[in-house]
Amino acid sequence: MNVVLGSQPAEPAGENEDFAAVAPGVAVLLDGAGVAGAETGCTHGIAWFSSTLGGLLLSTATAQPARSLAECLADSIRAVRSLHEGSCDLTYRASPTSTVVAVRAGAEALEYLVLGDSSLLLADRGMGPTAVTDRRLDDVGKRLRGPVDALPTGSPEHAAALAEYRDALTGLRNKPGGFWIAGPEADAAEHALTGTVPLEALSSVTLLSDGATRLVDRFGLATWPETLAVLGSGGPVELIRRVREAEAGDPDGRRWPRGKAHDDATALHWLLLP
């Protein structure tokens, strides 16, 4: 496998709640989430949840190729639950959750799974890149985040509005009409976006947390083909540098309203050789 991986926390001294890893023929990326400023009910924390779930998913998807990625994710969610349900309150509204992107190469096809607002970028050898993103969280968020976007990022008023928004969002988590994300319940895996693509049609596969896709879907400073070109020339490090440069130019979110001035950013770029 020819894989380049880059990841950076939102703040230099902060904990990175993203997780990405590879095994032969398999790659996963998770973006851990909680409710801003709230207790999680979990003694381990969000980074523990995303890394533990990601590691188990990678292992399960590698060791059990006959099971679908959705089945592997459900198995992994159950396994994580068993690790801490005796010590943590998994019924708590702010219990840790995570987006999931996973891909697995078979003999002729690439199987993929996307759950939550992280993205998968599939580069077709003849047609250019196609992004697979679960937009259900974005669709719900647009209905709720008006008061947040009207305030300067980082201000006390913005923090209060963001906390209310995140709390309302949590009430719609893993419910019909809301959005789906990996948390304590394995049923969420059934609602992931899944599919297969012929391997011979692909030149590369890229897994991206939403902190790394901001140039495209938040700032509008790049297209997916331009993002792919950056990854091909400078790799994930250059992509994340450009995201940080844009964030630094709009620290209070006036040009680009957003919940956090900076976010954990991770990109895993897998080049598929002919």
# chains A, B, ... in the order shown; residues from 1 in each chain; ligands from 1
call {"tool": "select_by_dssp", "arguments": {"residues": "region 66-225 of chain A", "states": "strand (DSSP E or B)", "output": "VMD selection string"}}
result
chain A and resid 97 to 105 109 to 115 119 to 124 128 to 133 173 179 182 193 to 198 202 to 208
call {"tool": "select_by_dssp", "arguments": {"residues": "region 142-252 of chain A", "states": "helix (DSSP H, G or I)", "output": "MDAnalysis selection string"}}
result
chainID A and resid 142:144 146:149 156:170 186:191 199:201 214:217 224:248
call {"tool": "atom_distance", "arguments": {"atom1": "CA of Val114 (chain A)", "atom2": "CA of Ala161 (chain A)"}}
result
28.8 Å
call {"tool": "residues_around", "arguments": {"residues": "Gln8 (chain A)", "least_positions_apart": "3", "cutoff": "8 Å", "atoms": "only C-alpha atoms", "output": "list in words"}}
result
Pro12, Asn16, Ile240, Asp264, Ala265 and Thr266 of chain A
call {"tool": "residues_around", "arguments": {"residues": "Thr206 (chain A)", "least_positions_apart": "5", "cutoff": "10 Å", "atoms": "only C-alpha atoms", "output": "PDB file with C-alpha atoms, in the first residue's frame"}}
result
ATOM      1  CA  VAL A   3      -0.420   5.636   1.861  1.00  0.00           C
ATOM      2  CA  VAL A   4       0.351   9.128   3.169  1.00  0.00           C
ATOM      3  CA  LEU A   5      -1.312  10.239   6.398  1.00  0.00           C
ATOM      4  CA  ALA A  27      -8.117   2.063   5.865  1.00  0.00           C
ATOM      5  CA  LEU A  29     -10.753   7.393   9.651  1.00  0.00           C
ATOM      6  CA  VAL A 101     -15.068   6.369   7.016  1.00  0.00           C
ATOM      7  CA  VAL A 103     -12.585   1.324   2.843  1.00  0.00           C
ATOM      8  CA  SER A 119     -15.751  12.435   3.597  1.00  0.00           C
ATOM      9  CA  LEU A 120     -14.417   9.882   1.152  1.00  0.00           C
ATOM     10  CA  LEU A 121     -12.815  11.134  -2.059  1.00  0.00           C
ATOM     11  CA  LEU A 122     -12.702   8.576  -4.874  1.00  0.00           C
ATOM     12  CA  ALA A 123     -10.449   9.532  -7.789  1.00  0.00           C
ATOM     13  CA  PRO A 129     -12.827  12.731  -8.145  1.00  0.00           C
ATOM     14  CA  ALA A 131     -16.873  12.868  -2.943  1.00  0.00           C
ATOM     15  CA  LEU A 228      -6.806  16.100  -5.096  1.00  0.00           C
ATOM     16  CA  LEU A 231      -2.743  15.943  -2.079  1.00  0.00           C
ATOM     17  CA  PRO A 236      -1.967  15.856   3.588  1.00  0.00           C
ATOM     18  CA  ALA A 267      -6.317  13.265   5.698  1.00  0.00           C
ATOM     19  CA  LEU A 268      -5.350   9.741   4.617  1.00  0.00           C
ATOM     20  CA  HIS A 269      -4.372   9.548   0.933  1.00  0.00           C
ATOM     21  CA  TRP A 270      -4.058   6.062  -0.575  1.00  0.00           C
ATOM     22  CA  LEU A 271      -2.541   5.868  -4.048  1.00  0.00           C
TER      23      LEU A 271
END
call {"tool": "residues_around", "arguments": {"residues": "Trp48 (chain A)", "least_positions_apart": "3", "cutoff": "10 Å", "atoms": "only C-alpha atoms", "output": "PyMOL selection string"}}
result
chain A and resi 17-19+32+42-45+51-54+96
call {"tool": "write_last_selection", "arguments": {"atoms": "N, CA and C atoms", "output": "PDB file, in the first residue's frame"}}
result
ATOM      1  N   GLU A  17      -8.884  14.433  18.535  1.00  0.00           N
ATOM      2  CA  GLU A  17      -9.976  13.472  18.641  1.00  0.00           C
ATOM      3  C   GLU A  17     -10.237  12.736  17.331  1.00  0.00           C
ATOM      4  N   ASP A  18      -9.443  13.049  16.290  1.00  0.00           N
ATOM      5  CA  ASP A  18      -9.470  12.272  15.054  1.00  0.00           C
ATOM      6  C   ASP A  18      -8.618  11.013  15.232  1.00  0.00           C
ATOM      7  N   PHE A  19      -8.919   9.988  14.426  1.00  0.00           N
ATOM      8  CA  PHE A  19      -8.119   8.769  14.409  1.00  0.00           C
ATOM      9  C   PHE A  19      -8.104   8.229  12.990  1.00  0.00           C
ATOM     10  N   GLY A  32     -13.925  11.976  16.337  1.00  0.00           N
ATOM     11  CA  GLY A  32     -14.691  11.914  17.580  1.00  0.00           C
ATOM     12  C   GLY A  32     -15.439  13.199  17.851  1.00  0.00           C
ATOM     13  N   CYS A  42     -18.482   9.726  30.182  1.00  0.00           N
ATOM     14  CA  CYS A  42     -17.479   8.686  29.949  1.00  0.00           C
ATOM     15  C   CYS A  42     -16.174   9.089  30.611  1.00  0.00           C
ATOM     16  N   THR A  43     -15.632   8.213  31.442  1.00  0.00           N
ATOM     17  CA  THR A  43     -14.381   8.525  32.134  1.00  0.00           C
ATOM     18  C   THR A  43     -13.187   8.503  31.197  1.00  0.00           C
ATOM     19  N   HIS A  44     -13.351   7.912  30.004  1.00  0.00           N
ATOM     20  CA  HIS A  44     -12.235   7.772  29.080  1.00  0.00           C
ATOM     21  C   HIS A  44     -12.092   8.953  28.140  1.00  0.00           C
ATOM     22  N   GLY A  45     -13.185   9.533  27.694  1.00  0.00           N
ATOM     23  CA  GLY A  45     -13.115  10.701  26.823  1.00  0.00           C
ATOM     24  C   GLY A  45     -13.328  10.386  25.355  1.00  0.00           C
ATOM     25  N   SER A  51     -10.418   6.418  18.941  1.00  0.00           N
ATOM     26  CA  SER A  51      -9.247   5.578  18.659  1.00  0.00           C
ATOM     27  C   SER A  51      -9.519   4.111  18.958  1.00  0.00           C
ATOM     28  N   THR A  52     -10.280   3.837  20.020  1.00  0.00           N
ATOM     29  CA  THR A  52     -10.594   2.451  20.360  1.00  0.00           C
ATOM     30  C   THR A  52     -11.530   1.844  19.314  1.00  0.00           C
ATOM     31  N   LEU A  53     -12.563   2.597  18.937  1.00  0.00           N
ATOM     32  CA  LEU A  53     -13.480   2.107  17.909  1.00  0.00           C
ATOM     33  C   LEU A  53     -12.750   1.945  16.579  1.00  0.00           C
ATOM     34  N   GLY A  54     -11.895   2.892  16.235  1.00  0.00           N
ATOM     35  CA  GLY A  54     -11.156   2.808  14.977  1.00  0.00           C
ATOM     36  C   GLY A  54     -10.217   1.619  14.927  1.00  0.00           C
ATOM     37  N   PRO A  96     -19.762  10.064  24.201  1.00  0.00           N
ATOM     38  CA  PRO A  96     -18.918  10.237  23.004  1.00  0.00           C
ATOM     39  C   PRO A  96     -19.466   9.524  21.774  1.00  0.00           C
TER      40      PRO A  96
END
call {"tool": "residues_around", "arguments": {"residues": "region 57-67 of chain A", "least_positions_apart": "5", "cutoff": "7 Å", "atoms": "only C-alpha atoms", "output": "PyMOL selection string"}}
result
chain A and resi 26-28+72-73+76
call {"tool": "write_last_selection", "arguments": {"atoms": "all heavy atoms", "output": "CSV table (one decimal), in the first residue's frame"}}
result
chain,number,residue,atom,x,y,z
A,26,VAL,N,-6.9,-2.2,3.9
A,26,VAL,CA,-8.0,-1.6,4.7
A,26,VAL,C,-7.5,-0.2,5.2
A,26,VAL,O,-6.4,-0.1,5.7
A,26,VAL,CB,-8.5,-2.5,5.8
A,26,VAL,CG1,-9.6,-1.8,6.6
A,26,VAL,CG2,-8.9,-3.8,5.3
A,27,ALA,N,-8.4,0.8,5.2
A,27,ALA,CA,-8.1,2.1,5.9
A,27,ALA,C,-9.4,2.6,6.6
A,27,ALA,O,-10.5,2.4,6.1
A,27,ALA,CB,-7.7,3.1,4.8
A,28,VAL,N,-9.2,3.2,7.7
A,28,VAL,CA,-10.3,3.8,8.5
A,28,VAL,C,-9.9,5.2,8.9
A,28,VAL,O,-8.7,5.5,9.2
A,28,VAL,CB,-10.6,3.0,9.7
A,28,VAL,CG1,-11.0,1.5,9.3
A,28,VAL,CG2,-9.5,2.9,10.7
A,72,CYS,N,-19.0,-5.2,10.3
A,72,CYS,CA,-17.8,-5.0,11.1
A,72,CYS,C,-17.9,-3.8,12.0
A,72,CYS,O,-17.4,-3.9,13.2
A,72,CYS,CB,-16.6,-4.8,10.1
A,72,CYS,SG,-16.2,-6.3,9.2
A,73,LEU,N,-18.5,-2.7,11.5
A,73,LEU,CA,-18.7,-1.5,12.4
A,73,LEU,C,-19.6,-1.8,13.5
A,73,LEU,O,-19.4,-1.5,14.7
A,73,LEU,CB,-19.2,-0.4,11.6
A,73,LEU,CG,-19.5,0.9,12.3
A,73,LEU,CD1,-18.3,1.4,13.1
A,73,LEU,CD2,-20.1,2.0,11.4
A,76,SER,N,-17.8,-3.8,16.1
A,76,SER,CA,-16.9,-3.0,16.8
A,76,SER,C,-17.5,-2.0,17.8
A,76,SER,O,-17.0,-1.8,18.9
A,76,SER,CB,-16.0,-2.2,15.8
A,76,SER,OG,-15.4,-3.0,14.9
call {"tool": "residues_around", "arguments": {"residues": "Trp180 (chain A)", "least_positions_apart": "5", "cutoff": "10 Å", "atoms": "only C-alpha atoms", "output": "ChimeraX atom specification"}}
result
/A:97-99,115-117,134,136-137,172-175,187-192
call {"tool": "decode", "arguments": {"residues": "region 140-235 of chain A", "atoms": "C-alpha atoms", "output": "compact mmCIF listing (two decimals), in the first residue's frame"}}
result
# COMPACT_ATOMS: atom_id res chain seq x y z
CA VAL A 140 -30.11 19.02 10.46
CA GLY A 141 -27.51 21.60 11.46
CA LYS A 142 -28.69 24.14 8.92
CA ARG A 143 -32.10 24.18 10.58
CA LEU A 144 -30.63 24.89 14.01
CA ARG A 145 -27.45 26.94 13.71
CA GLY A 146 -28.72 30.36 12.65
CA PRO A 147 -28.08 32.00 16.07
CA VAL A 148 -24.57 30.50 16.15
CA ASP A 149 -23.55 31.79 12.72
CA ALA A 150 -24.74 35.31 13.56
CA LEU A 151 -22.15 35.70 16.35
CA PRO A 152 -18.34 36.10 16.27
CA THR A 153 -16.55 32.77 16.74
CA GLY A 154 -14.90 32.59 20.16
CA SER A 155 -17.06 35.24 21.83
CA PRO A 156 -18.94 34.39 25.05
CA GLU A 157 -22.24 34.85 23.23
CA HIS A 158 -21.10 32.48 20.48
CA ALA A 159 -20.02 29.89 23.05
CA ALA A 160 -23.43 30.02 24.74
CA ALA A 161 -25.30 29.75 21.44
CA LEU A 162 -23.00 26.91 20.34
CA ALA A 163 -23.70 24.98 23.53
CA GLU A 164 -27.46 25.33 22.96
CA TYR A 165 -27.06 24.27 19.33
CA ARG A 166 -24.98 21.21 20.19
CA ASP A 167 -27.48 20.21 22.86
CA ALA A 168 -30.37 20.47 20.39
CA LEU A 169 -28.35 18.53 17.84
CA THR A 170 -27.71 15.75 20.33
CA GLY A 171 -31.46 15.35 20.74
CA LEU A 172 -31.68 14.38 17.05
CA ARG A 173 -28.75 11.97 17.10
CA ASN A 174 -29.44 8.46 15.79
CA LYS A 175 -33.13 9.13 15.26
CA PRO A 176 -35.32 9.05 12.13
CA GLY A 177 -35.44 12.55 10.68
CA GLY A 178 -32.18 13.39 12.42
CA PHE A 179 -28.70 12.07 11.69
CA TRP A 180 -26.69 8.92 12.34
CA ILE A 181 -23.27 8.55 13.94
CA ALA A 182 -21.29 5.86 15.75
CA GLY A 183 -22.04 5.91 19.48
CA PRO A 184 -23.18 3.39 22.08
CA GLU A 185 -25.78 1.70 19.83
CA ALA A 186 -24.69 -0.71 17.10
CA ASP A 187 -27.87 -0.05 15.07
CA ALA A 188 -26.32 3.17 13.74
CA ALA A 189 -24.09 1.09 11.46
CA GLU A 190 -27.16 0.01 9.48
CA HIS A 191 -27.70 3.63 8.42
CA ALA A 192 -24.21 4.23 6.98
CA LEU A 193 -23.72 5.07 3.32
CA THR A 194 -22.15 2.01 1.69
CA GLY A 195 -21.16 0.85 -1.77
CA THR A 196 -18.52 -0.68 -4.00
CA VAL A 197 -16.38 0.69 -6.84
CA PRO A 198 -14.30 -1.31 -9.35
CA LEU A 199 -10.67 -1.10 -8.26
CA GLU A 200 -9.40 -0.80 -11.82
CA ALA A 201 -11.33 2.48 -12.20
CA LEU A 202 -9.64 4.18 -9.24
CA SER A 203 -6.32 6.00 -9.07
CA SER A 204 -6.55 7.01 -5.40
CA VAL A 205 -8.78 6.95 -2.34
CA THR A 206 -8.74 9.70 0.29
CA LEU A 207 -10.34 9.70 3.73
CA LEU A 208 -10.92 13.17 5.22
CA SER A 209 -12.27 14.49 8.51
CA ASP A 210 -14.44 17.60 8.23
CA GLY A 211 -11.59 19.68 9.60
CA ALA A 212 -9.61 18.79 6.47
CA THR A 213 -12.46 19.44 4.01
CA ARG A 214 -13.05 23.04 5.09
CA LEU A 215 -11.30 24.47 2.02
CA VAL A 216 -14.09 22.95 -0.08
CA ASP A 217 -17.30 22.66 1.93
CA ARG A 218 -16.91 25.52 4.43
CA PHE A 219 -14.62 28.11 2.84
CA GLY A 220 -15.26 27.51 -0.85
CA LEU A 221 -11.58 28.12 -1.62
CA ALA A 222 -11.00 24.88 -3.53
CA THR A 223 -12.82 22.26 -5.55
CA TRP A 224 -12.46 18.53 -5.11
CA PRO A 225 -10.18 18.26 -8.18
CA GLU A 226 -8.01 21.05 -6.73
CA THR A 227 -7.93 19.27 -3.38
CA LEU A 228 -6.81 16.10 -5.10
CA ALA A 229 -4.07 18.05 -6.87
CA VAL A 230 -2.82 19.44 -3.54
CA LEU A 231 -2.74 15.94 -2.08
CA GLY A 232 -0.82 14.68 -5.09
CA SER A 233 1.81 17.41 -4.92
CA GLY A 234 2.16 18.31 -1.24
CA GLY A 235 0.29 15.53 0.54
